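In what follows, a single structure is set out as structure tokens and then discussed.
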Amino acid sequence: MKTDVEIAQEAKMQPITQVAKALSIAEDDLELYGKYKAKISLDAWNKVKDNEDGKLILVTAINPTPAGEGKTTTSVGLADAFHKMGKNIAVALREPSLGPCFGLKGGAAGGGYAQVVPMEDINLHFTGDFHAITTAHNLLAAVIDNHIQQGNALDIDVRRVAWKRVLDLNDRALRHVVIGMGGKAHGVPRETGFDITVASEMMAILCLATDLEDMKKRLGQIVVAYTRDGRAVRADELNVTGALTLLFKDAIKPNLVQTLEGTPALIHGGPFANIAHGCNSVMATKFALKFADIVVTEAGFGADLGAEKFLDIKCRFAGLKPSAVVIVATVRALKMHGGLPKAELGKVDMSALEKGLENLIKHIETVKAFGLPAVVAINAFPTDTKEELDFVEKKCNELGAEVALSEVWAKGGKGGIALAEKVLAATEKPNSFNFTYEVDQSIPDKIEAIVKRVYGGDGVVFTGPAMKQLKEIEELGLDKMPVCMAKTQYSLSDDPTKLGRPRGFKITVKELRISAGAGFIVALTGDILTMPGLPKKPAAENMDIDVNGRITGLF
């Protein structure tokens, strides 16, 4: 079997102007980045804003395992299947981060014969959006330290600067650093650190802003530090909101590319779902809904993370209402959730499958609790047996969820027709979409609602430092916002070793962070980190480029 990058390199891509025509996007509304990439002009919105919205399909998954699930691959393949059926379709995805691309997870452009292209460009720099976020974020950090150096007129407490720096790479050595060393001329010494760019509040703002004006307002509301008497200092007070916004003048525009089969793909923004809200931009999704009759989008990791945040944060802010939800799983991954070691996943073990299936069942229950129809997509593997597949389908059907075998990795859109037909039928089912909590509830009540309804836990415990932060947030009047949970993706609990469907657990909140510009409170749980580290053998070690510019090892 060819590698993902080999398949992508053999693809015959259409000029991006031709892809745009499929969505009735005029050439004048495109800003070209070569032949196969473009940004959509913000002026295009005025031409389509009165169009009726298409149907929105959310693709999520079970909790990920090393066995692989294939959520992005399924999203792309499902869109290609609708395309083959003659539907006016678009897929809306997140941009990949260079951190996991060079680290452990690899790229995020789909796989096999269900990919977005040009795959190498999308995974490496793309149109520069992440560089704009990194630069704007670090400009604000530099201005904060310069303000302190130049007399500190705002009386910022140097021990309470909340704004770190960012880098779009996995670099654990930068988690905790000391800056301003070398004497008076080099700044005021203080402790700080780096987060990965996708965890930046500015990434969240890019993905939640409705236009440039809204973005400017959100950037100004960022809480960057606290004064010595405890007052929150906003970015606006440093007089650089205009400069920050102009760095986003191009990055805010959605990117247009295509799948291997020529289906239009809007790829924009890329927050992680374990430490951020895990969805592509509101603007890209809204544009897609005006251009297409059906829009397939994905939210990161399992339904406990990406889907919950998509529904409780993104849909709340943007006024979106999904028509159906697809939950991706594999028989192999379910057996791993049931306790079977990775080396033995090829053998039939109905006991492990039944136990692991509890993870999928919980995610189905969660989607149904949101009032949405669910369809389960089982990614096909050669080792799957009819007995195993029939067992999964029977259990899902008992919960009112349809099941379809997806073969998009090997067959592209043709392998997703059965799934597309069931998803289309699901969009006609009753839909009583509702949120997990109301924003005017207390932060503990909101988190407890997520823990009990989405994770299946018993409640929440706040550490001493988190309780102190909670009190301060309440005193600042910033507690009436949605909550963005930062939690391990591997388990429904905050313990990554508890696979399947753990019960009787509580979630421990160790830290609460204010993201006033984005419009939510981040609750960090367990041992979650906002700057990942590289594995013992990074994916970067397998990558190369020859004298002709041909890339190998990128996946």
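Residues in the structure tokens are numbered from 1 in each chain, the chains being A, B, ... in the order shown, and ligands are numbered from 1 in the order shown.
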
Excluding Gly220 in chain A and its own-chain neighbours fewer than 6 positions away, which residues fall within 12 Å of it when counting only C-alpha atoms? Please give them as JSON, numbers by chain. {"A": [140, 201, 202, 205, 213, 214, 233, 234, 235, 236, 237, 238, 239, 240, 241, 242, 243, 244, 245, 515, 516, 517, 518, 519]}

Thr285 in chain A surroundings by only C-alpha atoms, 12 Å radius, close-in-sequence under 4 positions cut, as a tab-separated table (two decimals) with N, CA, C and O atoms, in the first residue's frame:
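Written out: result37.tsv:
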```
chain	number	residue	atom	x	y	z
A	53	ASP	N	-29.00	28.44	4.98
A	53	ASP	CA	-27.92	27.58	5.45
A	53	ASP	C	-28.13	26.14	5.01
A	53	ASP	O	-29.26	25.64	4.97
A	54	GLY	N	-27.02	25.46	4.69
A	54	GLY	CA	-27.08	24.04	4.40
A	54	GLY	C	-27.18	23.23	5.69
A	54	GLY	O	-27.26	23.78	6.79
A	55	LYS	N	-27.19	21.92	5.55
A	55	LYS	CA	-27.22	21.03	6.71
A	55	LYS	C	-25.81	20.84	7.24
A	55	LYS	O	-24.87	20.63	6.46
A	56	LEU	N	-25.66	20.89	8.55
A	56	LEU	CA	-24.34	20.77	9.19
A	56	LEU	C	-24.20	19.39	9.82
A	56	LEU	O	-24.98	19.01	10.69
A	57	ILE	N	-23.18	18.64	9.37
A	57	ILE	CA	-22.90	17.30	9.90
A	57	ILE	C	-21.61	17.37	10.72
A	57	ILE	O	-20.56	17.73	10.20
A	58	LEU	N	-21.70	17.02	11.99
A	58	LEU	CA	-20.52	17.00	12.86
A	58	LEU	C	-19.96	15.59	12.92
A	58	LEU	O	-20.69	14.63	13.18
A	90	ALA	N	-19.48	20.67	0.94
A	90	ALA	CA	-18.18	21.21	1.33
A	90	ALA	C	-17.77	20.54	2.64
A	90	ALA	O	-18.63	20.14	3.44
A	91	VAL	N	-16.48	20.41	2.85
A	91	VAL	CA	-15.98	19.91	4.13
A	91	VAL	C	-15.20	21.03	4.79
A	91	VAL	O	-14.48	21.78	4.13
A	92	ALA	N	-15.40	21.20	6.10
A	92	ALA	CA	-14.75	22.28	6.86
A	92	ALA	C	-13.91	21.67	7.98
A	92	ALA	O	-14.45	21.01	8.88
A	93	LEU	N	-12.59	21.85	7.89
A	93	LEU	CA	-11.66	21.19	8.81
A	93	LEU	C	-10.73	22.20	9.47
A	93	LEU	O	-10.65	23.36	9.07
A	94	ARG	N	-9.98	21.71	10.46
A	94	ARG	CA	-8.95	22.53	11.11
A	94	ARG	C	-7.62	22.40	10.37
A	94	ARG	O	-7.37	21.41	9.69
A	207	CYS	N	-10.76	31.59	15.72
A	207	CYS	CA	-11.76	30.58	15.37
A	207	CYS	C	-13.18	30.94	15.81
A	207	CYS	O	-14.14	30.33	15.33
A	208	LEU	N	-13.32	31.90	16.71
A	208	LEU	CA	-14.65	32.26	17.19
A	208	LEU	C	-15.12	33.63	16.70
A	208	LEU	O	-16.30	33.95	16.79
A	209	ALA	N	-14.20	34.43	16.15
A	209	ALA	CA	-14.57	35.76	15.68
A	209	ALA	C	-15.48	35.67	14.45
A	209	ALA	O	-15.31	34.78	13.61
A	210	THR	N	-16.42	36.60	14.35
A	210	THR	CA	-17.35	36.61	13.22
A	210	THR	C	-16.87	37.52	12.09
A	210	THR	O	-17.31	37.39	10.95
A	253	LYS	N	-9.16	35.27	6.99
A	253	LYS	CA	-9.90	34.81	5.82
A	253	LYS	C	-9.82	33.29	5.69
A	253	LYS	O	-8.73	32.72	5.74
A	254	PRO	N	-10.95	32.61	5.50
A	254	PRO	CA	-10.94	31.15	5.37
A	254	PRO	C	-10.12	30.69	4.16
A	254	PRO	O	-10.06	31.36	3.13
A	255	ASN	N	-9.49	29.53	4.30
A	255	ASN	CA	-8.69	28.93	3.23
A	255	ASN	C	-9.51	27.92	2.44
A	255	ASN	O	-10.27	27.14	3.03
A	256	LEU	N	-9.33	27.91	1.13
A	256	LEU	CA	-10.03	26.96	0.27
A	256	LEU	C	-9.02	26.05	-0.41
A	256	LEU	O	-8.07	26.52	-1.06
A	265	ALA	N	-12.89	22.11	0.11
A	265	ALA	CA	-12.56	21.98	1.52
A	265	ALA	C	-12.13	23.33	2.07
A	265	ALA	O	-11.20	23.95	1.56
A	266	LEU	N	-12.82	23.81	3.10
A	266	LEU	CA	-12.45	25.04	3.80
A	266	LEU	C	-11.69	24.64	5.06
A	266	LEU	O	-12.25	23.97	5.94
A	267	ILE	N	-10.43	25.01	5.12
A	267	ILE	CA	-9.57	24.61	6.23
A	267	ILE	C	-9.05	25.87	6.90
A	267	ILE	O	-8.31	26.65	6.29
A	268	HIS	N	-9.45	26.06	8.17
A	268	HIS	CA	-9.15	27.35	8.81
A	268	HIS	C	-9.14	27.24	10.32
A	268	HIS	O	-10.12	26.83	10.93
A	269	GLY	N	-8.01	27.62	10.93
A	269	GLY	CA	-7.88	27.56	12.38
A	269	GLY	C	-7.59	26.15	12.84
A	269	GLY	O	-7.89	25.18	12.13
A	279	CYS	N	-12.15	23.19	17.38
A	279	CYS	CA	-13.00	23.28	16.19
A	279	CYS	C	-12.40	24.26	15.19
A	279	CYS	O	-11.68	25.18	15.56
A	280	ASN	N	-12.73	24.07	13.92
A	280	ASN	CA	-12.28	25.04	12.91
A	280	ASN	C	-13.05	26.35	13.09
A	280	ASN	O	-13.94	26.45	13.94
A	281	SER	N	-12.74	27.35	12.30
A	281	SER	CA	-13.28	28.68	12.56
A	281	SER	C	-14.78	28.79	12.28
A	281	SER	O	-15.32	28.11	11.40
A	289	LEU	N	-21.63	26.89	5.02
A	289	LEU	CA	-23.07	26.67	5.11
A	289	LEU	C	-23.85	27.53	4.12
A	289	LEU	O	-24.96	27.16	3.71
A	290	LYS	N	-23.30	28.66	3.75
A	290	LYS	CA	-23.96	29.52	2.76
A	290	LYS	C	-23.66	29.06	1.33
A	290	LYS	O	-24.47	29.24	0.43
A	291	PHE	N	-22.48	28.46	1.15
A	291	PHE	CA	-22.07	28.01	-0.19
A	291	PHE	C	-22.66	26.65	-0.56
A	291	PHE	O	-22.94	26.38	-1.72
A	292	ALA	N	-22.80	25.75	0.43
A	292	ALA	CA	-23.13	24.35	0.15
A	292	ALA	C	-24.45	23.94	0.80
A	292	ALA	O	-24.89	24.54	1.79
A	294	ILE	N	-24.82	20.80	2.00
A	294	ILE	CA	-24.40	19.94	3.11
A	294	ILE	C	-22.96	20.31	3.46
A	294	ILE	O	-22.11	20.44	2.57
A	295	VAL	N	-22.68	20.46	4.75
A	295	VAL	CA	-21.32	20.75	5.22
A	295	VAL	C	-20.93	19.70	6.25
A	295	VAL	O	-21.64	19.49	7.24
A	296	VAL	N	-19.81	19.04	5.99
A	296	VAL	CA	-19.25	18.07	6.93
A	296	VAL	C	-18.12	18.75	7.67
A	296	VAL	O	-17.21	19.32	7.06
A	297	THR	N	-18.16	18.75	9.00
A	297	THR	CA	-17.08	19.32	9.79
A	297	THR	C	-16.71	18.35	10.89
A	297	THR	O	-17.46	17.42	11.19
A	298	GLU	N	-15.51	18.54	11.47
A	298	GLU	CA	-15.07	17.65	12.54
A	298	GLU	C	-14.65	18.45	13.75
A	298	GLU	O	-14.29	19.62	13.65
A	299	ALA	N	-14.71	17.81	14.89
A	299	ALA	CA	-14.22	18.39	16.14
A	299	ALA	C	-13.24	17.40	16.75
A	299	ALA	O	-13.44	16.19	16.69
A	310	PHE	N	-17.61	21.86	20.66
A	310	PHE	CA	-18.28	22.30	19.43
A	310	PHE	C	-19.71	22.71	19.74
A	310	PHE	O	-20.19	23.76	19.29
A	314	LYS	N	-18.85	26.57	20.47
A	314	LYS	CA	-18.93	27.11	19.12
A	314	LYS	C	-20.37	27.32	18.67
A	314	LYS	O	-20.72	28.39	18.15
A	315	CYS	N	-21.22	26.31	18.84
A	315	CYS	CA	-22.61	26.45	18.39
A	315	CYS	C	-23.34	27.53	19.19
A	315	CYS	O	-24.18	28.26	18.63
A	318	ALA	N	-22.01	30.92	17.81
A	318	ALA	CA	-22.26	31.17	16.39
A	318	ALA	C	-23.71	30.94	15.98
A	318	ALA	O	-24.07	31.21	14.83
A	319	GLY	N	-24.54	30.43	16.89
A	319	GLY	CA	-25.93	30.16	16.54
A	319	GLY	C	-26.09	29.01	15.57
A	319	GLY	O	-27.02	28.99	14.76
A	320	LEU	N	-25.18	28.03	15.65
A	320	LEU	CA	-25.23	26.88	14.75
A	320	LEU	C	-26.08	25.76	15.35
A	320	LEU	O	-26.17	25.62	16.57
A	321	LYS	N	-26.66	24.95	14.47
A	321	LYS	CA	-27.44	23.79	14.91
A	321	LYS	C	-27.15	22.62	14.00
A	321	LYS	O	-27.59	22.60	12.84
A	322	PRO	N	-26.38	21.63	14.47
A	322	PRO	CA	-26.07	20.46	13.64
A	322	PRO	C	-27.33	19.66	13.29
A	322	PRO	O	-28.28	19.60	14.08
```

Proximity check range 85-180 of chain A to range 67-81 of chain A, 8 Å, nearest pairs one decimal Å, only C-alpha atoms, as JSON lines:
```
{"residue": "A:Met85", "atom": "CA", "partner": "A:Ala81", "partner_atom": "CA", "distance": 6.3}
{"residue": "A:Ile89", "atom": "CA", "partner": "A:Ala79", "partner_atom": "CA", "distance": 6.6}
{"residue": "A:Ala90", "atom": "CA", "partner": "A:Ala79", "partner_atom": "CA", "distance": 6.7}
{"residue": "A:Val91", "atom": "CA", "partner": "A:Ala79", "partner_atom": "CA", "distance": 6.0}
{"residue": "A:Leu93", "atom": "CA", "partner": "A:Thr72", "partner_atom": "CA", "distance": 8.0}
{"residue": "A:Ala108", "atom": "CA", "partner": "A:Thr72", "partner_atom": "CA", "distance": 7.0}
{"residue": "A:Ala109", "atom": "CA", "partner": "A:Thr72", "partner_atom": "CA", "distance": 7.0}
{"residue": "A:Gly110", "atom": "CA", "partner": "A:Thr73", "partner_atom": "CA", "distance": 4.0}
{"residue": "A:Gly111", "atom": "CA", "partner": "A:Thr73", "partner_atom": "CA", "distance": 5.4}
{"residue": "A:Gly112", "atom": "CA", "partner": "A:Thr73", "partner_atom": "CA", "distance": 7.9}
{"residue": "A:Tyr113", "atom": "CA", "partner": "A:Gly77", "partner_atom": "CA", "distance": 7.9}
{"residue": "A:Ala114", "atom": "CA", "partner": "A:Gly77", "partner_atom": "CA", "distance": 4.9}
{"residue": "A:Gln115", "atom": "CA", "partner": "A:Val76", "partner_atom": "CA", "distance": 6.2}
{"residue": "A:Val116", "atom": "CA", "partner": "A:Val76", "partner_atom": "CA", "distance": 7.2}
```

Those residues you just picked out, can you put them in a file as a tab-separated table (two decimals), in the first residue's frame with N, CA and C atoms?
```tsv
chain	number	residue	atom	x	y	z
A	85	MET	N	-22.51	11.42	-4.88
A	85	MET	CA	-23.97	11.30	-4.95
A	85	MET	C	-24.60	12.54	-5.63
A	89	ILE	N	-21.72	19.99	-1.81
A	89	ILE	CA	-21.09	19.62	-0.55
A	89	ILE	C	-19.79	20.40	-0.32
A	90	ALA	N	-19.48	20.67	0.94
A	90	ALA	CA	-18.18	21.21	1.33
A	90	ALA	C	-17.77	20.54	2.64
A	91	VAL	N	-16.48	20.41	2.85
A	91	VAL	CA	-15.98	19.91	4.13
A	91	VAL	C	-15.20	21.03	4.79
A	93	LEU	N	-12.59	21.85	7.89
A	93	LEU	CA	-11.66	21.19	8.81
A	93	LEU	C	-10.73	22.20	9.47
A	108	ALA	N	-2.53	16.13	9.74
A	108	ALA	CA	-3.98	16.07	9.96
A	108	ALA	C	-4.72	16.45	8.68
A	109	ALA	N	-4.39	15.74	7.61
A	109	ALA	CA	-5.02	16.01	6.32
A	109	ALA	C	-5.80	14.81	5.82
A	110	GLY	N	-6.18	13.90	6.72
A	110	GLY	CA	-6.84	12.67	6.32
A	110	GLY	C	-5.81	11.61	6.00
A	111	GLY	N	-6.25	10.53	5.35
A	111	GLY	CA	-5.32	9.45	5.05
A	111	GLY	C	-5.82	8.55	3.94
A	112	GLY	N	-4.90	7.77	3.37
A	112	GLY	CA	-5.26	6.87	2.29
A	112	GLY	C	-5.83	7.63	1.10
A	113	TYR	N	-7.01	7.20	0.64
A	113	TYR	CA	-7.66	7.84	-0.50
A	113	TYR	C	-8.76	8.82	-0.06
A	114	ALA	N	-8.67	9.25	1.19
A	114	ALA	CA	-9.59	10.28	1.71
A	114	ALA	C	-8.74	11.37	2.37
A	115	GLN	N	-8.14	12.21	1.52
A	115	GLN	CA	-7.25	13.26	1.99
A	115	GLN	C	-7.63	14.60	1.39
A	116	VAL	N	-7.18	15.67	2.06
A	116	VAL	CA	-7.23	16.99	1.45
A	116	VAL	C	-5.84	17.30	0.90
```

In Å to one decimal, how far is CA of Pro538 in chain A from CA of Phe102 in chain A? 6.2 Å

Residues near Phe370 in chain A, anyone? I mean within 10 Å using only C-alpha atoms, not counting same-chain ones fewer than 4 positions away, as a ChimeraX atom specification. /A:308,311-312,365-366,431-436,453-454

Just-selected residues, C-alpha atoms written as an mmCIF file, in the first residue's frame:
```cif
data_model
loop_
_atom_site.group_PDB
_atom_site.id
_atom_site.type_symbol
_atom_site.label_atom_id
_atom_site.label_comp_id
_atom_site.auth_asym_id
_atom_site.auth_seq_id
_atom_site.Cartn_x
_atom_site.Cartn_y
_atom_site.Cartn_z
ATOM 1 C CA GLU A 308 -18.856 18.867 23.683
ATOM 2 C CA LEU A 311 -21.827 22.097 20.774
ATOM 3 C CA ASP A 312 -21.517 24.019 24.044
ATOM 4 C CA GLU A 365 -25.657 8.488 24.890
ATOM 5 C CA THR A 366 -23.888 11.860 25.047
ATOM 6 C CA ASN A 431 -33.713 17.184 16.436
ATOM 7 C CA SER A 432 -34.037 18.799 19.864
ATOM 8 C CA PHE A 433 -30.553 20.297 20.185
ATOM 9 C CA ASN A 434 -29.801 21.638 23.664
ATOM 10 C CA PHE A 435 -26.769 22.691 25.685
ATOM 11 C CA THR A 436 -25.197 20.903 28.660
ATOM 12 C CA ARG A 453 -23.639 14.269 31.519
ATOM 13 C CA VAL A 454 -20.718 14.000 29.091
#
```

Could you pull the residues within 8 Å of Val328 in chain A, counting only C-alpha atoms, minus those fewer than 2 positions along the same chain, as a ChimeraX atom specification? /A:59-62,69-71,74,326,330,376-379

Given the choices A:Leu305, A:Ile133, A:Ile148, A:Val188, which gets closest to Phe248 in chain A if the distance is worked out from only C-alpha atoms? A:Ile133

If we count only C-alpha atoms and set the cut-off at 10 Å, which residues sit around Gln149 in chain A, ignoring sequence neighbours fewer than 4 positions away in its own chain? Please answer as a list in words. Val143, Ile144, Asp145, Ala153, Gly180, Lys184, Ala185, His186, Gly187, Val188 and Pro189 of chain A

Written selection (N, CA and C atoms) as a PDB file, in the first residue's frame:
```
ATOM      1  N   VAL A 143       5.276  43.420  24.315  1.00  0.00           N
ATOM      2  CA  VAL A 143       4.770  44.726  24.750  1.00  0.00           C
ATOM      3  C   VAL A 143       4.551  44.744  26.262  1.00  0.00           C
ATOM      4  N   ILE A 144       4.075  43.646  26.820  1.00  0.00           N
ATOM      5  CA  ILE A 144       3.884  43.560  28.273  1.00  0.00           C
ATOM      6  C   ILE A 144       5.219  43.757  28.987  1.00  0.00           C
ATOM      7  N   ASP A 145       6.248  43.020  28.561  1.00  0.00           N
ATOM      8  CA  ASP A 145       7.547  43.122  29.225  1.00  0.00           C
ATOM      9  C   ASP A 145       8.187  44.487  28.998  1.00  0.00           C
ATOM     10  N   ALA A 153       3.596  51.801  34.176  1.00  0.00           N
ATOM     11  CA  ALA A 153       2.553  52.761  34.537  1.00  0.00           C
ATOM     12  C   ALA A 153       1.268  52.092  35.001  1.00  0.00           C
ATOM     13  N   GLY A 180      14.464  38.020  31.045  1.00  0.00           N
ATOM     14  CA  GLY A 180      14.922  39.299  31.574  1.00  0.00           C
ATOM     15  C   GLY A 180      16.249  39.221  32.307  1.00  0.00           C
ATOM     16  N   LYS A 184      19.976  45.239  34.061  1.00  0.00           N
ATOM     17  CA  LYS A 184      18.883  46.200  33.948  1.00  0.00           C
ATOM     18  C   LYS A 184      18.476  46.484  32.499  1.00  0.00           C
ATOM     19  N   ALA A 185      19.437  46.541  31.609  1.00  0.00           N
ATOM     20  CA  ALA A 185      19.142  46.898  30.219  1.00  0.00           C
ATOM     21  C   ALA A 185      18.379  45.815  29.469  1.00  0.00           C
ATOM     22  N   HIS A 186      18.298  44.627  30.034  1.00  0.00           N
ATOM     23  CA  HIS A 186      17.718  43.493  29.318  1.00  0.00           C
ATOM     24  C   HIS A 186      16.333  43.091  29.838  1.00  0.00           C
ATOM     25  N   GLY A 187      15.710  43.929  30.627  1.00  0.00           N
ATOM     26  CA  GLY A 187      14.363  43.649  31.090  1.00  0.00           C
ATOM     27  C   GLY A 187      14.304  43.275  32.551  1.00  0.00           C
ATOM     28  N   VAL A 188      13.072  43.106  33.018  1.00  0.00           N
ATOM     29  CA  VAL A 188      12.826  42.745  34.414  1.00  0.00           C
ATOM     30  C   VAL A 188      12.742  41.229  34.523  1.00  0.00           C
ATOM     31  N   PRO A 189      13.618  40.619  35.310  1.00  0.00           N
ATOM     32  CA  PRO A 189      13.586  39.157  35.432  1.00  0.00           C
ATOM     33  C   PRO A 189      12.259  38.661  36.009  1.00  0.00           C
TER      34      PRO A 189
END
```

Could you give me, as a list in words, the residues within 7 Å of Asp195 in chain A, counting only C-alpha atoms and dropping anything in the same chain fewer than 4 positions from it? Lys164, Arg165, Val166, Leu167, Arg175, Ala199, Thr530 and Met531 of chain A

Output file for the residues above (all heavy atoms, as a short mmCIF file (atom, residue, chain, number, x, y, z; two decimals), in the first residue's frame):
```cif
data_model
loop_
_atom_site.label_atom_id
_atom_site.label_comp_id
_atom_site.auth_asym_id
_atom_site.auth_seq_id
_atom_site.Cartn_x
_atom_site.Cartn_y
_atom_site.Cartn_z
N LYS A 164 1.73 34.11 28.48
CA LYS A 164 3.00 33.46 28.17
C LYS A 164 3.37 33.74 26.71
O LYS A 164 2.70 34.51 26.02
CB LYS A 164 2.89 31.95 28.41
CG LYS A 164 2.62 31.56 29.84
CD LYS A 164 2.57 30.04 29.97
CE LYS A 164 2.31 29.60 31.40
NZ LYS A 164 2.30 28.12 31.51
N ARG A 165 4.40 33.09 26.24
CA ARG A 165 4.75 33.13 24.82
C ARG A 165 4.35 31.79 24.18
O ARG A 165 4.05 30.84 24.91
CB ARG A 165 6.25 33.41 24.66
CG ARG A 165 6.59 34.88 24.91
CD ARG A 165 8.06 35.11 25.13
NE ARG A 165 8.41 36.53 25.11
CZ ARG A 165 8.23 37.37 26.13
NH1 ARG A 165 7.71 36.94 27.27
NH2 ARG A 165 8.57 38.65 26.02
N VAL A 166 4.34 31.73 22.85
CA VAL A 166 3.94 30.50 22.17
C VAL A 166 4.90 30.16 21.03
O VAL A 166 5.62 31.00 20.52
CB VAL A 166 2.49 30.59 21.60
CG1 VAL A 166 1.47 30.75 22.69
CG2 VAL A 166 2.37 31.70 20.56
N LEU A 167 4.86 28.89 20.67
CA LEU A 167 5.65 28.34 19.57
C LEU A 167 4.87 27.16 19.02
O LEU A 167 4.33 26.36 19.79
CB LEU A 167 7.02 27.89 20.11
CG LEU A 167 8.06 27.38 19.10
CD1 LEU A 167 8.61 28.56 18.30
CD2 LEU A 167 9.20 26.70 19.85
N ARG A 175 8.56 24.89 28.75
CA ARG A 175 7.36 24.99 29.58
C ARG A 175 7.53 26.00 30.71
O ARG A 175 6.61 26.74 31.05
CB ARG A 175 7.01 23.62 30.16
CG ARG A 175 6.45 22.65 29.13
CD ARG A 175 6.29 21.26 29.73
NE ARG A 175 5.87 20.31 28.70
CZ ARG A 175 6.01 18.98 28.82
NH1 ARG A 175 6.57 18.47 29.92
NH2 ARG A 175 5.60 18.19 27.85
N ALA A 199 -2.71 26.32 21.49
CA ALA A 199 -3.34 26.55 22.79
C ALA A 199 -3.51 28.04 23.08
O ALA A 199 -4.08 28.40 24.10
CB ALA A 199 -2.51 25.90 23.89
N THR A 530 -0.06 22.30 28.36
CA THR A 530 -0.35 23.19 27.24
C THR A 530 0.86 23.39 26.33
O THR A 530 0.80 24.15 25.38
CB THR A 530 -0.87 24.54 27.75
OG1 THR A 530 0.04 25.05 28.73
CG2 THR A 530 -2.24 24.39 28.37
N MET A 531 1.96 22.71 26.64
CA MET A 531 3.11 22.61 25.73
C MET A 531 3.53 21.15 25.70
O MET A 531 4.15 20.65 26.64
CB MET A 531 4.27 23.50 26.19
CG MET A 531 5.59 23.25 25.44
SD MET A 531 5.47 23.37 23.62
CE MET A 531 5.78 25.11 23.38
#
```

Name the residues in contact with Pro465 in chain A at a cut-off of 9 Å, using only C-alpha atoms, excluding same-chain residues fewer than 5 positions from it; report them as a PyMOL selection string. chain A and resi 470+510-512

Write out as an NGL selection string all residues of range 189-385 of chain A that backbone DSSP assigns to alpha helix (DSSP H). :A and (201-208 or 212-220 or 241-246 or 282-291 or 308-309 or 315-318 or 331-337 or 350-369)

Nearest to Gln18 in chain A by atom-to-atom distance, counting only C-alpha atoms, from A:Met215, A:Arg159, A:Thr263, A:Lys49: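 Under the stated criterion, the closest residue is A:Thr263.
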
Would you mind telling me which residue in A:Leu372, A:Leu345, A:Ile275, A:Ala404 lies nearest to Met485 in chain A when using only C-alpha atoms?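 Between A:Leu372, A:Leu345, A:Ile275, A:Ala404, the residue approaching Met485 in chain A most closely is A:Ile275.
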
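If you measure from each of A:Asp494, A:Asp29, A:Glu261, A:Asp479 to Asp440 in chain A using only C-alpha atoms, the closest one turns out to be A:Asp479.
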